[in-house]
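Student: Once you've had a glance at the structure underneath, I'll fire off some questions.
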2 protein chains.
Amino acid sequence: MNRRIETAEILAIGSELLTPFRVDTNSLFLTARLNELGVVVRRKAVVGDRRDDLAACVREALARVDLVITTGGLGPTDDDLTREVVADVLRRTLTVDETILAGIEARFARRGVPMPAINRRQACVPDGATVLPNSEGTAPGLLLEHEGRLIALLPGPPREMQPMFARAIAPLVEARSPGRRLQRRVVKVTGRSESQVEEIANPIYTSLNRDGVVVDTTILATPGQIEVHLESAGEDQQAIAAVLDEGVARLAAALSPAVFSTDGRTLEDVVGDTLRARGWRVAVAESCTGGLLGGRLTEVPGSSAYVLGGVIAYDNAVKIRDLDVPASTIDEHGAVSEPVAAAMAAGVRRRFGAEIGVAITGIAGPGGGTAAKPVGTVCIAVATPDTVTARTLLFPGDRDAIRRHSTSAALDMVRRALSV
Amino acid sequence: MNRRIETAEILAIGSELLTPFRVDTNSLFLTARLNELGVVVRRKAVVGDRRDDLAACVREALARVDLVITTGGLGPTDDDLTREVVADVLRRTLTVDETILAGIEARFARRGVPMPAINRRQACVPDGATVLPNSEGTAPGLLLEHEGRLIALLPGPPREMQPMFARAIAPLVEARSPGRRLQRRVVKVTGRSESQVEEIANPIYTSLNRDGVVVDTTILATPGQIEVHLESAGEDQQAIAAVLDEGVARLAAALSPAVFSTDGRTLEDVVGDTLRARGWRVAVAESCTGGLLGGRLTEVPGSSAYVLGGVIAYDNAVKIRDLDVPASTIDEHGAVSEPVAAAMAAGVRRRFGAEIGVAITGIAGPGGGTAAKPVGTVCIAVATPDTVTARTLLFPGDRDAIRRHSTSAALDMVRRALSV
């Protein structure tokens, strides 16, 4: 009987991943997929193109887990050692596979160039290995079994690695570990701090476990957004789904109206879907964010259905000339004030013939703060056919974080204005 | 005599780093700093909060390199095992250090709360360890020597870890490995593909080595930007500097005018500095980028000195009404065309009273492409007091990449217009 696959280790191979400029992201994809299949990732490592370092990593990993996945080092150059080193560690002979070789030659021929001699290396297969075809590149993957444990050698480029994992590795893991799966739900929140979310969510997620279902909770914070992840692995998928769905419902009720998504959609998606459903179009007026709010709204494909455009009013003269903000309002309250934000939102709404106008004016720093209006002070306003609402917020962090917070808060004000 | 420090391994500790949502970035900072000190990072690993996994990692690393750095796992909870496991591996006794304890208690007292009992753990010190004060948090770092090798236990939060490394670890490495340092130069290019840059740069960087100086080259591509990194480690800093500076000069000459920076500045910085030097102000007109160009220009603190603002003309009616694009030009050439881009640039320049206007109109996809104008087709124009220049470009990748490419190309056209 085959060994169950319950634990995995991921080895990212390549000296470029040991520089200060590159980070291994393949392991995030692999971890997500493996977790869904009920497999725990016990360790991730990054190792360079050195024969002895790589051999040590492979040997150690094979002694520890049921499945070792390597990414990278399958290219044609002298630096690409994965095949040779793994064959060596497992004491397998490497032989050129003529079918693979013909495939690589054909791939080059289709591009009208002869195959360089070095690419012959990519057709080398260790004894007893299963060849994993690569639909997107020249290097095939390899799968080997050693004393009941599996090692999969996958290519480094994500667009080659990901389909190969889905086609060859996922079904294998599924077959060897039937039943046990991980389910995950994500509750997305904006306009609350991490500690506020934690305080409200904690009594809920700590009381979810029942019917043998154990829920793991992670709270992830980025500027302007908090995500509560609930996940649980086990055999009884119905019981898990019931417990997680109850958790989502309770969190959504307790954190409402700050929850904007429980189905994976982004804040931009939710705002877009709501605008579209209502048949409303939006226009933006941005000062300190300089266009980033428009940039986020138009991240969504098809957003031209509901985004008309807007005015980047970085300079005060633009606020007056193109948004009809009275100069006296700026003089009296300052450019960063609720009356100015409100006038900007109303002005862009009227000028653009939009149903909803949204405006941001604030102090992103690092300069420009005062005692009364420190760096991070941002005024946001939303104008609809019925009302104009303005708020003043104080955001933490650096210039980037303050600008990101500002656009999230503005999107959320649009979402809330649309929900009434 | 103390052992030289030439090799290092970095261990990131914490189960949250083994989820699909978090990536260890501390190792990038540490790698950069260690490389500058002439130390090679041989391996990076991420391990969760499991006693045996962590012990194995520490044991393996200590057998391989001169310096092991761990980050994380120094908190007060049961999951924070780094201190205990390292003490165990090195067979040292852990004792509560009363001075550290008093410091932690004082830290809590300053915030007006009593120290929770669990924080006592953070005052535990293994026999013979050097305590590294933490100016930013409660957990001190620890430094131990074992059979001539060093292991440094640093906290996980970057704002605690980074100053501790700079104050305690960097000087130690410097003292133990005098002379050998790494120098790095970065040549930044836009408007060229990675293979074009490689083809031009390759004969240069492969011919740089002389006087015992060996240059390593890395080419990093992101949408809209290619970086050529030249680096060399050794004892003779003058010889290294001379070879690297020659490399930069030869690359800059060969890749000119596509090189926008050799001193670390971003494209936004360079455009801003050039506008400021010339006393010019810029206004933007954006269609498919929806505000992202304005967002990039205003990333730079103090950019209000030269950014007036602009118009997000996502809808064609906005192009006509707010940018004076003739409706007939749109009818005749289509909204994505050089005449429309030129009219947008000239229109925003005139309307905003700017010296330079820049406009983007394109098809970011995934929908909207045609045989004549496929997805990725983008027209960019720059208007100055003297001329209006428009170009059509075809960018690869998805919606995000096309929009990023578009803003880089627009910034570069502004840079080039300013350099004449």
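For the structure tokens, the naming scheme is as follows: chains receive sequential letters (A, B, ...) according to their order of presentation, residues are indexed from 1 within each chain, and ligands are indexed from 1 in presentation order.
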Just asking: which residues within segment 246-357 of chain B are helix (DSSP H, G or I) according to DSSP, as a ChimeraX atom specification?

Tutor: /B:246-255,267-278,292-297,303-305,316-323,327-333,338-352

Student: If you run DSSP on this backbone, which residues of segment 116-286 of chain B come out as strand (DSSP E), and could you give them as an NGL selection string?

Tutor: :B and (124-126 or 130-132 or 141-146 or 149-154 or 181-189 or 216-222 or 225-234 or 259-261 or 282-286)

Student: Distance limit 6 Å, atoms considered: only C-alpha atoms. Which chain A residues sit that close to chain B? Return them as a ChimeraX atom specification.

Tutor: /A:20,28,31-32,43-47,290-292,294-295,298,308-315

Student: Fewer than 2 positions away in the same chain doesn't count, so skip those; otherwise give me all residues within 7 Å of Ala390 of chain A, counting only C-alpha atoms, as a PyMOL selection string.

Tutor: chain A and resi 338+341-342+379-382+388

Student: Give me the least-squares superposed chain A (reference chain B; all C-alpha atoms paired in order) as a short mmCIF file (atom, residue, chain, number, x, y, z; two decimals) with C-alpha atoms, in the first residue's frame.

Tutor:
```
data_model
loop_
_atom_site.label_atom_id
_atom_site.label_comp_id
_atom_site.auth_asym_id
_atom_site.auth_seq_id
_atom_site.Cartn_x
_atom_site.Cartn_y
_atom_site.Cartn_z
CA MET A 1 41.92 33.78 16.80
CA ASN A 2 38.30 34.16 15.83
CA ARG A 3 37.00 32.36 12.79
CA ARG A 4 36.35 34.56 9.75
CA ILE A 5 32.71 34.96 8.78
CA GLU A 6 32.33 34.10 5.11
CA THR A 7 29.12 32.10 4.92
CA ALA A 8 25.71 32.54 6.50
CA GLU A 9 22.36 30.85 6.66
CA ILE A 10 19.08 32.60 7.48
CA LEU A 11 16.26 30.86 9.32
CA ALA A 12 12.86 32.53 9.41
CA ILE A 13 10.83 31.04 12.25
CA GLY A 14 7.04 31.09 12.58
CA SER A 15 4.15 28.95 11.40
CA GLU A 16 2.50 32.01 9.81
CA LEU A 17 5.40 32.04 7.31
CA LEU A 18 4.37 28.55 6.19
CA THR A 19 0.91 29.73 5.11
CA PRO A 20 0.14 30.74 1.51
CA PHE A 21 -0.29 34.37 2.62
CA ARG A 22 3.00 35.45 4.10
CA VAL A 23 6.45 35.62 2.67
CA ASP A 24 9.68 36.08 4.61
CA THR A 25 11.10 39.46 3.60
CA ASN A 26 13.57 39.81 6.48
CA SER A 27 15.95 37.57 4.58
CA LEU A 28 16.12 40.09 1.70
CA PHE A 29 17.30 42.83 4.06
CA LEU A 30 19.74 40.49 5.79
CA THR A 31 21.09 39.14 2.50
CA ALA A 32 21.73 42.65 1.17
CA ARG A 33 23.60 43.68 4.33
CA LEU A 34 25.54 40.43 4.64
CA ASN A 35 26.55 40.56 0.96
CA GLU A 36 27.84 44.11 1.40
CA LEU A 37 30.00 42.78 4.22
CA GLY A 38 31.37 40.12 1.87
CA VAL A 39 29.36 37.27 3.39
CA VAL A 40 27.67 34.73 1.09
CA VAL A 41 24.20 33.51 2.09
CA ARG A 42 24.23 29.78 1.36
CA ARG A 43 20.71 28.86 2.31
CA LYS A 44 17.48 30.37 3.57
CA ALA A 45 14.82 28.35 5.30
CA VAL A 46 11.40 28.91 6.77
CA VAL A 47 10.32 26.68 9.61
CA GLY A 48 7.22 26.61 11.80
CA ASP A 49 6.78 26.61 15.54
CA ARG A 50 7.57 22.92 16.06
CA ARG A 51 10.30 22.04 18.47
CA ASP A 52 11.86 19.15 16.52
CA ASP A 53 11.72 20.86 13.10
CA LEU A 54 13.33 23.96 14.52
CA ALA A 55 16.02 21.99 16.36
CA ALA A 56 16.90 20.10 13.18
CA CYS A 57 17.20 23.35 11.21
CA VAL A 58 19.44 24.97 13.80
CA ARG A 59 21.65 21.90 14.09
CA GLU A 60 22.04 21.52 10.32
CA ALA A 61 22.76 25.21 9.80
CA LEU A 62 25.40 25.31 12.53
CA ALA A 63 27.19 22.41 10.87
CA ARG A 64 27.41 24.25 7.57
CA VAL A 65 28.09 27.97 7.90
CA ASP A 66 30.02 30.51 9.96
CA LEU A 67 27.00 32.58 10.94
CA VAL A 68 23.41 31.49 11.49
CA ILE A 69 20.79 34.22 11.83
CA THR A 70 17.30 33.38 13.03
CA THR A 71 14.40 35.80 12.87
CA GLY A 72 11.21 35.39 14.89
CA GLY A 73 10.02 33.15 17.67
CA LEU A 74 11.23 35.43 20.49
CA GLY A 75 7.76 36.54 21.60
CA PRO A 76 6.18 35.71 24.94
CA THR A 77 3.78 32.93 23.93
CA ASP A 78 4.05 29.14 23.97
CA ASP A 79 4.59 29.23 20.21
CA ASP A 80 7.78 31.22 20.61
CA LEU A 81 10.38 28.49 20.89
CA THR A 82 13.56 29.94 19.42
CA ARG A 83 15.31 30.67 22.75
CA GLU A 84 14.48 27.28 24.28
CA VAL A 85 15.33 25.24 21.21
CA VAL A 86 18.65 26.95 20.54
CA ALA A 87 19.64 26.61 24.21
CA ASP A 88 18.71 22.95 23.98
CA VAL A 89 20.68 22.30 20.77
CA LEU A 90 23.75 24.02 22.24
CA ARG A 91 23.21 22.39 25.66
CA ARG A 92 23.03 25.67 27.54
CA THR A 93 20.98 26.41 30.63
CA LEU A 94 18.34 29.15 30.39
CA THR A 95 18.25 31.64 33.26
CA VAL A 96 16.05 34.68 33.81
CA ASP A 97 18.18 37.83 33.48
CA GLU A 98 16.91 40.29 36.11
CA THR A 99 18.17 43.34 34.20
CA ILE A 100 16.25 42.35 31.08
CA LEU A 101 13.19 41.55 33.16
CA ALA A 102 13.33 44.99 34.79
CA GLY A 103 13.62 46.55 31.31
CA ILE A 104 10.56 44.70 30.01
CA GLU A 105 8.58 45.63 33.12
CA ALA A 106 9.61 49.26 32.70
CA ARG A 107 8.48 49.16 29.05
CA PHE A 108 5.01 47.99 30.08
CA ALA A 109 4.92 50.49 32.96
CA ARG A 110 5.53 53.35 30.51
CA ARG A 111 2.38 52.28 28.66
CA GLY A 112 0.56 52.17 32.00
CA VAL A 113 -0.04 48.40 32.06
CA PRO A 114 1.48 45.70 34.27
CA MET A 115 3.70 43.16 32.50
CA PRO A 116 1.78 39.94 31.76
CA ALA A 117 3.43 36.96 33.47
CA ILE A 118 4.12 35.24 30.15
CA ASN A 119 6.51 38.03 29.12
CA ARG A 120 8.93 36.69 31.75
CA ARG A 121 10.01 34.18 29.09
CA GLN A 122 11.51 37.00 27.08
CA ALA A 123 14.03 37.63 29.86
CA CYS A 124 15.43 34.10 29.64
CA VAL A 125 19.05 34.00 28.51
CA PRO A 126 21.09 30.90 27.62
CA ASP A 127 24.45 30.50 29.39
CA GLY A 128 27.19 32.53 27.78
CA ALA A 129 24.91 34.44 25.43
CA THR A 130 25.39 38.11 24.65
CA VAL A 131 22.15 40.05 25.07
CA LEU A 132 21.29 42.39 22.18
CA PRO A 133 19.10 45.26 23.44
CA ASN A 134 15.88 45.90 21.51
CA SER A 135 15.20 49.62 21.20
CA GLU A 136 11.85 49.02 19.47
CA GLY A 137 10.20 46.16 21.35
CA THR A 138 10.22 43.87 24.36
CA ALA A 139 12.18 40.90 23.05
CA PRO A 140 15.96 41.30 23.28
CA GLY A 141 18.08 39.49 20.71
CA LEU A 142 20.71 36.93 21.66
CA LEU A 143 24.13 36.10 20.24
CA LEU A 144 25.88 32.78 20.96
CA GLU A 145 29.14 31.23 19.88
CA HIS A 146 29.41 27.48 19.42
CA GLU A 147 32.58 25.75 18.30
CA GLY A 148 33.75 28.91 16.59
CA ARG A 149 30.48 29.50 14.79
CA LEU A 150 28.00 32.25 15.63
CA ILE A 151 24.24 32.12 15.96
CA ALA A 152 22.26 35.33 16.28
CA LEU A 153 18.62 35.22 17.43
CA LEU A 154 16.84 38.33 16.16
CA PRO A 155 13.19 39.37 16.56
CA GLY A 156 10.78 38.92 13.63
CA PRO A 157 9.30 42.43 13.22
CA PRO A 158 11.50 44.25 10.67
CA ARG A 159 11.51 47.51 12.62
CA GLU A 160 13.00 45.66 15.61
CA MET A 161 15.26 43.34 13.63
CA GLN A 162 16.86 45.87 11.31
CA PRO A 163 18.31 48.27 13.89
CA MET A 164 19.47 45.32 16.00
CA PHE A 165 21.33 43.85 13.03
CA ALA A 166 22.91 47.22 12.22
CA ARG A 167 23.98 47.86 15.82
CA ALA A 168 25.09 44.43 16.98
CA ILE A 169 25.68 42.03 14.09
CA ALA A 170 27.11 44.17 11.28
CA PRO A 171 30.04 45.52 13.38
CA LEU A 172 30.83 42.00 14.57
CA VAL A 173 30.91 40.60 11.04
CA GLU A 174 33.00 43.58 9.98
CA ALA A 175 35.50 42.97 12.76
CA ARG A 176 35.77 39.25 12.03
CA SER A 177 36.08 39.61 8.29
CA PRO A 178 38.15 42.71 7.71
CA GLY A 179 38.85 43.77 4.16
CA ARG A 180 36.44 41.68 2.13
CA ARG A 181 33.44 43.74 1.01
CA LEU A 182 30.87 43.67 -1.75
CA GLN A 183 30.14 46.71 -3.89
CA ARG A 184 27.12 46.96 -6.12
CA ARG A 185 26.05 49.28 -8.93
CA VAL A 186 22.62 49.35 -10.56
CA VAL A 187 21.91 50.60 -14.08
CA LYS A 188 18.19 51.16 -14.63
CA VAL A 189 16.70 51.03 -18.09
CA THR A 190 13.23 51.55 -19.50
CA GLY A 191 11.75 51.10 -22.96
CA ARG A 192 13.82 48.01 -23.79
CA SER A 193 13.01 44.31 -23.47
CA GLU A 194 15.06 42.04 -21.23
CA SER A 195 16.58 40.29 -24.24
CA GLN A 196 17.52 43.59 -25.91
CA VAL A 197 19.28 44.70 -22.72
CA GLU A 198 20.98 41.32 -22.36
CA GLU A 199 22.22 41.42 -25.95
CA ILE A 200 23.79 44.86 -25.55
CA ALA A 201 25.00 44.39 -21.97
CA ASN A 202 26.47 40.90 -22.31
CA PRO A 203 29.67 41.78 -24.23
CA ILE A 204 30.31 44.55 -21.71
CA TYR A 205 29.80 42.75 -18.42
CA THR A 206 31.59 39.62 -19.58
CA SER A 207 34.68 41.67 -20.42
CA LEU A 208 34.92 43.66 -17.18
CA ASN A 209 37.00 41.31 -15.04
CA ARG A 210 40.57 42.53 -14.45
CA ASP A 211 43.07 43.20 -11.64
CA GLY A 212 41.64 40.20 -9.80
CA VAL A 213 38.20 41.82 -9.71
CA VAL A 214 35.40 39.42 -10.69
CA VAL A 215 32.08 41.03 -11.52
CA ASP A 216 28.77 39.20 -11.08
CA THR A 217 25.92 40.46 -13.21
CA THR A 218 22.18 40.02 -12.68
CA ILE A 219 19.47 41.35 -14.95
CA LEU A 220 16.11 41.91 -13.26
CA ALA A 221 13.00 42.65 -15.29
CA THR A 222 9.70 44.05 -14.05
CA PRO A 223 6.95 45.51 -16.28
CA GLY A 224 8.38 48.73 -17.70
CA GLN A 225 11.82 48.47 -16.15
CA ILE A 226 15.03 46.46 -16.50
CA GLU A 227 17.83 46.67 -13.94
CA VAL A 228 21.39 45.56 -14.61
CA HIS A 229 23.14 44.81 -11.31
CA LEU A 230 26.94 44.66 -11.28
CA GLU A 231 28.55 43.45 -8.09
CA SER A 232 31.95 42.33 -6.93
CA ALA A 233 33.33 41.21 -3.59
CA GLY A 234 36.97 41.39 -2.55
CA GLU A 235 39.60 43.13 -0.48
CA ASP A 236 40.76 45.90 -2.80
CA GLN A 237 37.89 48.38 -2.64
CA GLN A 238 39.54 50.88 -4.98
CA ALA A 239 40.12 48.29 -7.69
CA ILE A 240 36.55 47.04 -7.33
CA ALA A 241 35.13 50.56 -7.50
CA ALA A 242 37.18 51.33 -10.59
CA VAL A 243 36.04 48.21 -12.45
CA LEU A 244 32.37 48.65 -11.48
CA ASP A 245 32.38 52.35 -12.37
CA GLU A 246 33.86 51.52 -15.75
CA GLY A 247 31.14 48.91 -16.23
CA VAL A 248 28.43 51.45 -15.38
CA ALA A 249 29.92 54.00 -17.78
CA ARG A 250 30.15 51.49 -20.62
CA LEU A 251 26.62 50.16 -20.02
CA ALA A 252 25.22 53.70 -19.79
CA ALA A 253 26.88 54.63 -23.07
CA ALA A 254 25.77 51.47 -24.88
CA LEU A 255 22.20 51.53 -23.59
CA SER A 256 21.72 55.30 -23.81
CA PRO A 257 19.19 56.95 -24.00
CA ALA A 258 17.21 54.12 -22.39
CA VAL A 259 19.23 54.40 -19.15
CA PHE A 260 17.47 56.69 -16.71
CA SER A 261 19.41 56.08 -13.51
CA THR A 262 22.79 54.83 -12.33
CA ASP A 263 22.53 56.23 -8.79
CA GLY A 264 19.61 54.34 -7.32
CA ARG A 265 16.93 56.90 -8.15
CA THR A 266 13.57 55.68 -9.41
CA LEU A 267 12.05 56.85 -12.69
CA GLU A 268 9.60 58.97 -10.66
CA ASP A 269 12.54 60.58 -8.83
CA VAL A 270 14.42 61.32 -12.05
CA VAL A 271 11.39 62.86 -13.77
CA GLY A 272 10.64 64.91 -10.64
CA ASP A 273 14.22 66.15 -10.28
CA THR A 274 14.35 67.11 -13.96
CA LEU A 275 11.02 68.95 -13.84
CA ARG A 276 12.12 70.79 -10.73
CA ALA A 277 15.50 71.75 -12.22
CA ARG A 278 13.77 73.14 -15.30
CA GLY A 279 11.05 74.88 -13.31
CA TRP A 280 8.36 73.08 -15.30
CA ARG A 281 5.03 71.76 -14.05
CA VAL A 282 3.26 68.70 -15.42
CA ALA A 283 -0.39 67.75 -15.93
CA VAL A 284 -1.64 64.29 -16.90
CA ALA A 285 -4.55 63.00 -19.00
CA GLU A 286 -5.21 59.31 -18.43
CA SER A 287 -7.62 56.91 -20.00
CA CYS A 288 -6.72 53.22 -19.61
CA THR A 289 -4.38 53.84 -16.65
CA GLY A 290 -7.22 55.52 -14.73
CA GLY A 291 -4.96 57.70 -12.55
CA LEU A 292 -1.94 55.45 -12.05
CA LEU A 293 0.42 57.85 -13.85
CA GLY A 294 -0.63 60.65 -11.49
CA GLY A 295 -0.27 58.17 -8.65
CA ARG A 296 3.33 57.39 -9.64
CA LEU A 297 4.31 61.03 -10.17
CA THR A 298 2.98 61.89 -6.70
CA GLU A 299 4.74 58.99 -4.98
CA VAL A 300 7.66 61.36 -4.53
CA PRO A 301 7.49 63.51 -1.39
CA GLY A 302 7.36 67.17 -2.38
CA SER A 303 5.97 66.42 -5.84
CA SER A 304 3.38 69.18 -5.34
CA ALA A 305 6.19 71.52 -6.49
CA TYR A 306 5.83 70.25 -10.04
CA VAL A 307 2.62 68.17 -10.33
CA LEU A 308 -0.46 70.31 -10.98
CA GLY A 309 -2.86 67.40 -11.42
CA GLY A 310 -4.81 66.12 -14.36
CA VAL A 311 -7.90 64.55 -15.81
CA ILE A 312 -8.88 60.89 -15.62
CA ALA A 313 -10.70 60.61 -18.92
CA TYR A 314 -11.93 57.05 -18.74
CA ASP A 315 -15.10 57.90 -20.62
CA ASN A 316 -14.85 59.41 -24.13
CA ALA A 317 -17.22 62.21 -23.16
CA VAL A 318 -14.62 63.36 -20.63
CA LYS A 319 -11.94 63.46 -23.32
CA ILE A 320 -14.16 65.76 -25.37
CA ARG A 321 -15.57 67.95 -22.58
CA ASP A 322 -12.54 68.31 -20.27
CA LEU A 323 -9.63 67.88 -22.65
CA ASP A 324 -11.00 69.48 -25.83
CA VAL A 325 -10.42 66.37 -27.91
CA PRO A 326 -12.52 66.91 -31.07
CA ALA A 327 -15.30 64.31 -31.28
CA SER A 328 -14.45 63.97 -34.97
CA THR A 329 -10.89 62.87 -34.08
CA ILE A 330 -12.28 60.08 -31.91
CA ASP A 331 -14.78 59.11 -34.62
CA GLU A 332 -12.12 59.08 -37.31
CA HIS A 333 -9.17 57.45 -35.54
CA GLY A 334 -10.72 55.73 -32.52
CA ALA A 335 -10.15 56.59 -28.84
CA VAL A 336 -6.91 54.60 -28.87
CA SER A 337 -4.95 56.51 -31.50
CA GLU A 338 -2.03 58.91 -31.70
CA PRO A 339 -4.18 61.89 -32.75
CA VAL A 340 -6.43 61.39 -29.68
CA ALA A 341 -3.43 60.95 -27.35
CA ALA A 342 -1.87 64.09 -28.81
CA ALA A 343 -5.08 66.08 -28.38
CA MET A 344 -5.40 64.86 -24.77
CA ALA A 345 -1.82 65.89 -23.94
CA ALA A 346 -2.19 69.28 -25.59
CA GLY A 347 -5.61 69.77 -23.99
CA VAL A 348 -4.55 69.02 -20.42
CA ARG A 349 -1.41 71.14 -20.85
CA ARG A 350 -3.41 74.17 -21.98
CA ARG A 351 -6.30 73.71 -19.54
CA PHE A 352 -4.02 73.27 -16.53
CA GLY A 353 -1.50 75.95 -17.53
CA ALA A 354 1.29 73.36 -17.32
CA GLU A 355 4.54 73.53 -19.25
CA ILE A 356 4.27 69.84 -20.10
CA GLY A 357 1.22 67.65 -20.63
CA VAL A 358 1.29 63.86 -20.90
CA ALA A 359 -1.51 61.55 -22.03
CA ILE A 360 -2.20 57.81 -22.15
CA THR A 361 -4.97 56.04 -24.03
CA GLY A 362 -4.89 52.32 -24.66
CA ILE A 363 -6.43 48.88 -24.45
CA ALA A 364 -5.48 47.28 -21.12
CA GLY A 365 -7.70 44.27 -21.67
CA PRO A 366 -8.70 41.59 -21.16
CA GLY A 367 -11.56 42.77 -23.43
CA GLY A 368 -11.64 45.47 -26.10
CA GLY A 369 -8.90 44.24 -28.43
CA THR A 370 -9.28 44.02 -32.20
CA ALA A 371 -7.08 42.60 -34.95
CA ALA A 372 -5.81 46.09 -35.80
CA LYS A 373 -5.50 47.20 -32.16
CA PRO A 374 -4.94 44.13 -29.99
CA VAL A 375 -4.96 44.20 -26.18
CA GLY A 376 -1.75 45.93 -25.10
CA THR A 377 -1.95 48.66 -27.75
CA VAL A 378 -1.27 51.97 -26.00
CA CYS A 379 -0.85 55.48 -27.43
CA ILE A 380 1.16 57.96 -25.38
CA ALA A 381 1.70 61.64 -26.11
CA VAL A 382 3.70 64.46 -24.58
CA ALA A 383 2.96 68.13 -25.25
CA THR A 384 5.51 70.87 -24.53
CA PRO A 385 5.47 74.58 -25.40
CA ASP A 386 7.12 73.66 -28.72
CA THR A 387 5.83 70.29 -29.87
CA VAL A 388 3.43 67.44 -29.38
CA THR A 389 4.88 63.94 -29.78
CA ALA A 390 2.79 60.77 -29.89
CA ARG A 391 3.82 57.11 -30.04
CA THR A 392 2.00 53.80 -30.30
CA LEU A 393 3.36 50.89 -28.27
CA LEU A 394 2.33 47.28 -27.85
CA PHE A 395 2.88 45.88 -24.37
CA PRO A 396 2.85 42.24 -23.28
CA GLY A 397 1.25 40.74 -20.20
CA ASP A 398 -2.03 41.07 -18.35
CA ARG A 399 -4.08 44.16 -17.49
CA ASP A 400 -1.84 45.07 -14.54
CA ALA A 401 1.38 44.65 -16.53
CA ILE A 402 0.05 46.65 -19.50
CA ARG A 403 -1.02 49.51 -17.22
CA ARG A 404 2.35 49.44 -15.44
CA HIS A 405 4.24 49.39 -18.76
CA SER A 406 2.10 52.31 -19.97
CA THR A 407 2.90 54.55 -17.00
CA SER A 408 6.63 53.72 -17.24
CA ALA A 409 6.66 54.55 -20.94
CA ALA A 410 4.82 57.82 -20.28
CA LEU A 411 7.24 58.81 -17.51
CA ASP A 412 10.11 58.00 -19.85
CA MET A 413 8.66 60.14 -22.64
CA VAL A 414 8.46 63.03 -20.16
CA ARG A 415 12.09 62.40 -19.15
CA ARG A 416 13.24 62.39 -22.77
CA ALA A 417 11.21 65.47 -23.65
CA LEU A 418 12.91 67.28 -20.76
CA SER A 419 16.40 66.21 -21.81
CA VAL A 420 16.32 67.97 -25.18
#
```
